[in-house]
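What follows is a short report on a single structure.
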Amino acid sequence: MPRKGNYGFDYDDYDDYDYDYDVGDQVEAPEPKKKTSSDKVRVWSCPICTYDNDESMTACDICGVIRSSVPGKFKDDKGTAPFKFDFPSPDDMVSNGLRSSKIGSKANLINSRSQNASAGISETVKSSDKSSASIPKGKQGNMDDSNHLMNGASQPSCKSSDSSSASISKGRPGVDEGNHNKNGVVDTQSSDEISDSTSSLMPKAKDKSVGYISSSINGGKSLGLTSNLNDMSLSDKSGNSNKASAKRPKSSAHYQPDKWMLPDKSENGLTQLNLAIVGHVDSGKSTLSGRLLHLSGRITQKEMHKYEKEAKLQGKGSFAYAWALDESPEERERGITMTVAVAYFDSKKYHVVVLDSPGHKDFVPNMISGATQADAAILVIDASIGGFEAGMDSKGQTREHARLIRSFGVDQIIVAVNKMDSVEYSKDRFDLIGMQLGTFLRSCGFKDSLVSWIPLSAVENQNLVAAPSDVRLSSWYHGSYLLDAIDSLQPLKRDFSKPLLMPICDVVKSSSQGQVSACGKLEAGALRSGLKVLVMPSGDVGTVRTLERDSQICAVARAGDNVTVSLQGIDGSNVMAGGVLCHPDFPVAVAKHFELKVLVLDFLTIPIVIGSQLEFHIHHAKEAARVVKIISVLDPKTGKVSKKAPRCLTSKQSAIIEVALDGPVCAEEFTNCRALGRAFLRTLGKTVAVGIVTRIIEDQE
């Protein structure tokens, strides 16, 4: 601890007394020394601890407080200047609205900057961070953190007054390092009228360290301290160069696609058709799919022999073709499909992507997630006695799957009446199924002209890829076979000229290679290697490394293709099923409050009221939701409002409601993007309502 002394007073001014003299002796006192102006020591008094410091000291030697006046310019002999705190006290913040206590004019600001230039720090910008002009040693970091917490995130303002200081106490060779390191962006305020009061005194030893920090941030260039802080904040306002803000997505009206994104007319490749196989459990969907793959050459005879042998060992010989798609041990043991299996085969007209969907009621969410990619569908019906009736029952999945397929936007459907061998290929049975099911399909919105009816037997290979050979069927049925019916489907229009949009169905992560791959169907736009893509809702930007279509590397993928996109330069934890790959300049909207136009299905047992807890499904995303408002009930024939603010919704009613989700999901209004604008509401294991997103409501924070 340095000795505290008064340099302004000379103890030699006292007379030197000799205490060993006699009383009678006459002692002459020495003449006092006369001071000259050169002998006078100039000091300045610390306004905090009142310690008298030497003129050469720029900070108090006791408490470390920065000297508040410029060296060499004293207001009086003591060299003290009136002290003012540059940061507001808690009382000042409450009474003055978080305004600094020091506000100077623009002229004073220019004079102050010209004086501070001698201290080695150039103040060349109009705005800078609020920081303390005089902070005790070791307290700077705490004050920076508290200021950041009190002031919150940086927001632009029209009128503000900031106090800036480049003064740094001992042991703190940085300016607002705490705030910059924590937030990635130094808090700055852009304003039209800003008056700053700066003081940039600091010890000479600290001058180099600040210069080093500034030059390292700016790539080796030694610039002004506050200009460096503003450059850092203005160059990266988002806080992360790999993140993109998607609060307000841009309109795709001004998007201009490149030439490579549009399909070449000279290309004679097959058009891709995404075909969903749906129906009640045990109706023979997987067996039908496996038989089609085998007959088209996708499954070799050797592989088929292997499946037959494995199925017989477990006593399930009839499941041999199903095992071509049900590959997991649990699916084979239980004898049911649990997830959507994807397979491929080629017809004369299409490259068909088979989406074999689960039929069990417990796995309807998986069916929704996979079959939402469908362009057309095959509804498989069990023609056996009791099988068709079970599927059409209120607890059966034939009715629910038909409703869901129609709500996916699928209007072309093939009704494959399977297991006709179990009823001896009876024409009466086929006509009965067509009459009952046809009435229901018309109520779902399917047109008779777009519905094909095919009687067949997958096990006996009747009427699949060729005309039936069994006389019992060929005697009365003279229509097309299944593969011919697939080729008769009309191709859909693709959005090649719109920005990239690909909902992520599944994610494959490779820990050994450190790569992540996203699987899904391109709804719009095109992809190729090296292209930058935005992953929502995380907002990270990655680069396409490779593309795979049908397990083969491809150079370009366009709208309608089912592809696997391998990404690099992105954290794998931010790529998840239910997300969306989109164009970096045209991000998809992310929200958790929507207005929906819904149709309540007849599966509803409990009326929907305000506060009802539901499962919200949209493309491949699922989130818990709550009904916050029932706006109106619509007339099913005219679509006009028939009743406003009803208390509840019952079966077969159309209504406008608002739902709030527990977490945000990627979605778009149905008029802008149909693939991301279809929603489904489920509860208690049943789909109770289907609808579209009519409005995205931003949360008021």
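By convention here, the chains of the structure tokens are called A, B, ... in the order presented, each chain's residues are numbered starting at 1, and ligands are numbered starting at 1 in the order presented.
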
Pull the strand (DSSP E or B) assignments for stretch 380-426 of chain A out of DSSP run on the backbone, and list those residues as number ranges by chain. A: 380-382, 413-418

Need the shell around A:Cys46: protein/DNA/RNA residues with any atom at most 8 Å away, counting only C-alpha atoms. Skip same-chain ones fewer than 2 positions apart. Format as an NGL selection string? :A and (44 or 48-53 or 60 or 65 or 67 or 80)

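Ranking A:Thr605, A:Ser56, A:Ser474, A:Ser318 by their shortest atom-to-atom distance to A:Ser394, with only C-alpha atoms included, puts A:Thr605 first.
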
Which of stretch 392-575 of chain A fall in helix (DSSP H, G or I), as number ranges by chain: A: 392, 397-407, 420-423, 427-444, 448-450, 471-474, 482-487, 572-574

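Among the candidates A:Ile336, A:Ala343, A:Ile433, A:Leu501, the residue lying nearest to A:Asp382 is A:Ile433 (atoms considered: only C-alpha atoms).
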
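We find atom CA of A:Ile504 and atom CA of A:Ala621 to be spaced 8.9 Å apart.
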
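Nearest to A:Leu464 of all the residues A:Arg626, A:Lys597, A:Arg291, A:Arg545 is A:Arg291, based on only C-alpha atoms.
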
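If only C-alpha atoms are the atoms counted, then among A:His294, A:His617, A:Lys637, A:Arg403 the closest residue to A:Leu441 is A:Arg403.
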
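Considering the residues A:Met576, A:Ala341, A:Ala376, A:Val364 and counting only C-alpha atoms, A:Leu684 has its shortest atom-to-atom contact with A:Val364.
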
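The shell of residues at most 8 Å from A:Leu614, with only C-alpha atoms counted and near chain neighbours (fewer than 6 positions) removed, consists of Ala624, Ala625, Arg626, Val627, Leu681, Arg682 and Thr683 of chain A.
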
Write to file, as a compact mmCIF listing (two decimals), in the first residue's frame, the residues of the selection just made, with N, CA and C atoms.
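And here's again_9.txt as it stands now:
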# COMPACT_ATOMS: atom_id res chain seq x y z
N ALA A 624 -48.58 -29.53 -30.14
CA ALA A 624 -49.76 -29.41 -29.29
C ALA A 624 -50.38 -28.03 -29.49
N ALA A 625 -51.72 -27.99 -29.53
CA ALA A 625 -52.41 -26.74 -29.82
C ALA A 625 -53.62 -26.58 -28.90
N ARG A 626 -54.10 -25.36 -28.85
CA ARG A 626 -55.28 -25.03 -28.03
C ARG A 626 -56.16 -24.07 -28.83
N VAL A 627 -57.46 -24.31 -28.81
CA VAL A 627 -58.40 -23.43 -29.49
C VAL A 627 -58.59 -22.18 -28.63
N LEU A 681 -56.39 -31.47 -37.37
CA LEU A 681 -56.55 -31.44 -35.92
C LEU A 681 -56.99 -32.82 -35.45
N ARG A 682 -56.26 -33.35 -34.46
CA ARG A 682 -56.55 -34.68 -33.94
C ARG A 682 -56.66 -34.62 -32.41
N THR A 683 -57.44 -35.55 -31.87
CA THR A 683 -57.54 -35.70 -30.42
C THR A 683 -58.05 -37.10 -30.11

List the spatial neighbours of A:Asp282 as an mmCIF file with N, CA and C atoms, in the first residue's frame - criterion: any atom at most 12 Å away, only C-alpha atoms, same-chain residues fewer than 6 positions off excluded.
data_model
loop_
_atom_site.group_PDB
_atom_site.id
_atom_site.type_symbol
_atom_site.label_atom_id
_atom_site.label_comp_id
_atom_site.auth_asym_id
_atom_site.auth_seq_id
_atom_site.Cartn_x
_atom_site.Cartn_y
_atom_site.Cartn_z
ATOM 1 N N LEU A 288 -49.594 -55.735 -51.732
ATOM 2 C CA LEU A 288 -49.823 -55.176 -53.061
ATOM 3 C C LEU A 288 -48.604 -54.399 -53.544
ATOM 4 N N SER A 318 -47.675 -65.955 -45.972
ATOM 5 C CA SER A 318 -48.410 -65.010 -46.817
ATOM 6 C C SER A 318 -47.867 -63.584 -46.734
ATOM 7 N N PHE A 319 -46.915 -63.328 -45.797
ATOM 8 C CA PHE A 319 -46.371 -61.975 -45.615
ATOM 9 C C PHE A 319 -45.076 -61.771 -46.402
ATOM 10 N N ALA A 322 -44.955 -58.535 -48.360
ATOM 11 C CA ALA A 322 -45.010 -57.387 -47.451
ATOM 12 C C ALA A 322 -43.658 -57.123 -46.817
ATOM 13 N N ARG A 334 -45.024 -58.055 -35.568
ATOM 14 C CA ARG A 334 -46.422 -57.702 -35.356
ATOM 15 C C ARG A 334 -47.268 -57.889 -36.617
ATOM 16 N N GLY A 335 -46.626 -57.935 -37.774
ATOM 17 C CA GLY A 335 -47.364 -58.142 -39.011
ATOM 18 C C GLY A 335 -48.096 -56.918 -39.510
ATOM 19 N N ILE A 336 -47.670 -55.723 -39.069
ATOM 20 C CA ILE A 336 -48.308 -54.486 -39.517
ATOM 21 C C ILE A 336 -47.225 -53.481 -39.901
ATOM 22 N N THR A 337 -47.608 -52.529 -40.748
ATOM 23 C CA THR A 337 -46.712 -51.434 -41.123
ATOM 24 C C THR A 337 -46.838 -50.322 -40.086
ATOM 25 N N SER A 357 -48.255 -46.631 -46.656
ATOM 26 C CA SER A 357 -48.631 -46.000 -45.388
ATOM 27 C C SER A 357 -49.170 -47.023 -44.404
ATOM 28 N N PRO A 358 -48.969 -46.795 -43.101
ATOM 29 C CA PRO A 358 -49.537 -47.695 -42.087
ATOM 30 C C PRO A 358 -51.049 -47.532 -42.007
ATOM 31 N N GLY A 359 -51.739 -48.648 -41.740
ATOM 32 C CA GLY A 359 -53.199 -48.614 -41.657
ATOM 33 C C GLY A 359 -53.731 -48.680 -40.246
ATOM 34 N N HIS A 360 -52.869 -49.019 -39.278
ATOM 35 C CA HIS A 360 -53.337 -49.122 -37.901
ATOM 36 C C HIS A 360 -53.626 -47.737 -37.335
ATOM 37 N N LYS A 361 -54.651 -47.654 -36.500
ATOM 38 C CA LYS A 361 -55.079 -46.358 -35.982
ATOM 39 C C LYS A 361 -54.013 -45.697 -35.108
ATOM 40 N N VAL A 380 -56.822 -49.044 -50.829
ATOM 41 C CA VAL A 380 -56.936 -50.497 -50.852
ATOM 42 C C VAL A 380 -58.093 -50.917 -49.943
ATOM 43 N N ILE A 381 -59.011 -51.726 -50.494
ATOM 44 C CA ILE A 381 -60.200 -52.184 -49.777
ATOM 45 C C ILE A 381 -60.129 -53.701 -49.615
ATOM 46 N N ASP A 382 -60.434 -54.159 -48.427
ATOM 47 C CA ASP A 382 -60.511 -55.595 -48.159
ATOM 48 C C ASP A 382 -61.907 -56.085 -48.565
ATOM 49 N N ALA A 383 -61.961 -56.918 -49.590
ATOM 50 C CA ALA A 383 -63.259 -57.374 -50.101
ATOM 51 C C ALA A 383 -63.826 -58.548 -49.327
ATOM 52 N N SER A 384 -63.076 -59.109 -48.399
ATOM 53 C CA SER A 384 -63.562 -60.272 -47.660
ATOM 54 C C SER A 384 -64.768 -59.907 -46.801
ATOM 55 N N GLY A 386 -66.789 -59.079 -43.886
ATOM 56 C CA GLY A 386 -66.420 -58.487 -42.603
ATOM 57 C C GLY A 386 -65.248 -57.535 -42.700
ATOM 58 N N GLY A 387 -64.338 -57.725 -43.654
ATOM 59 C CA GLY A 387 -63.178 -56.842 -43.795
ATOM 60 C C GLY A 387 -63.569 -55.455 -44.267
ATOM 61 N N PHE A 388 -64.398 -55.401 -45.289
ATOM 62 C CA PHE A 388 -64.851 -54.102 -45.788
ATOM 63 C C PHE A 388 -65.689 -53.382 -44.738
ATOM 64 N N ALA A 390 -65.508 -53.633 -41.499
ATOM 65 C CA ALA A 390 -64.659 -53.145 -40.399
ATOM 66 C C ALA A 390 -63.975 -51.834 -40.781
ATOM 67 N N GLY A 391 -63.547 -51.729 -42.040
ATOM 68 C CA GLY A 391 -62.900 -50.493 -42.473
ATOM 69 C C GLY A 391 -63.852 -49.326 -42.566
ATOM 70 N N GLY A 396 -62.990 -47.669 -38.033
ATOM 71 C CA GLY A 396 -62.131 -48.132 -39.116
ATOM 72 C C GLY A 396 -61.355 -46.997 -39.754
ATOM 73 N N GLN A 397 -60.266 -47.382 -40.446
ATOM 74 C CA GLN A 397 -59.385 -46.378 -41.044
ATOM 75 C C GLN A 397 -59.684 -46.115 -42.513
ATOM 76 N N THR A 398 -60.582 -46.860 -43.131
ATOM 77 C CA THR A 398 -60.922 -46.576 -44.525
ATOM 78 C C THR A 398 -61.532 -45.188 -44.659
ATOM 79 N N ASN A 418 -59.154 -55.302 -53.098
ATOM 80 C CA ASN A 418 -58.224 -56.426 -52.958
ATOM 81 C C ASN A 418 -58.922 -57.641 -52.316
ATOM 82 N N LYS A 419 -58.208 -58.742 -52.366
ATOM 83 C CA LYS A 419 -58.671 -60.006 -51.778
ATOM 84 C C LYS A 419 -59.985 -60.482 -52.419
#
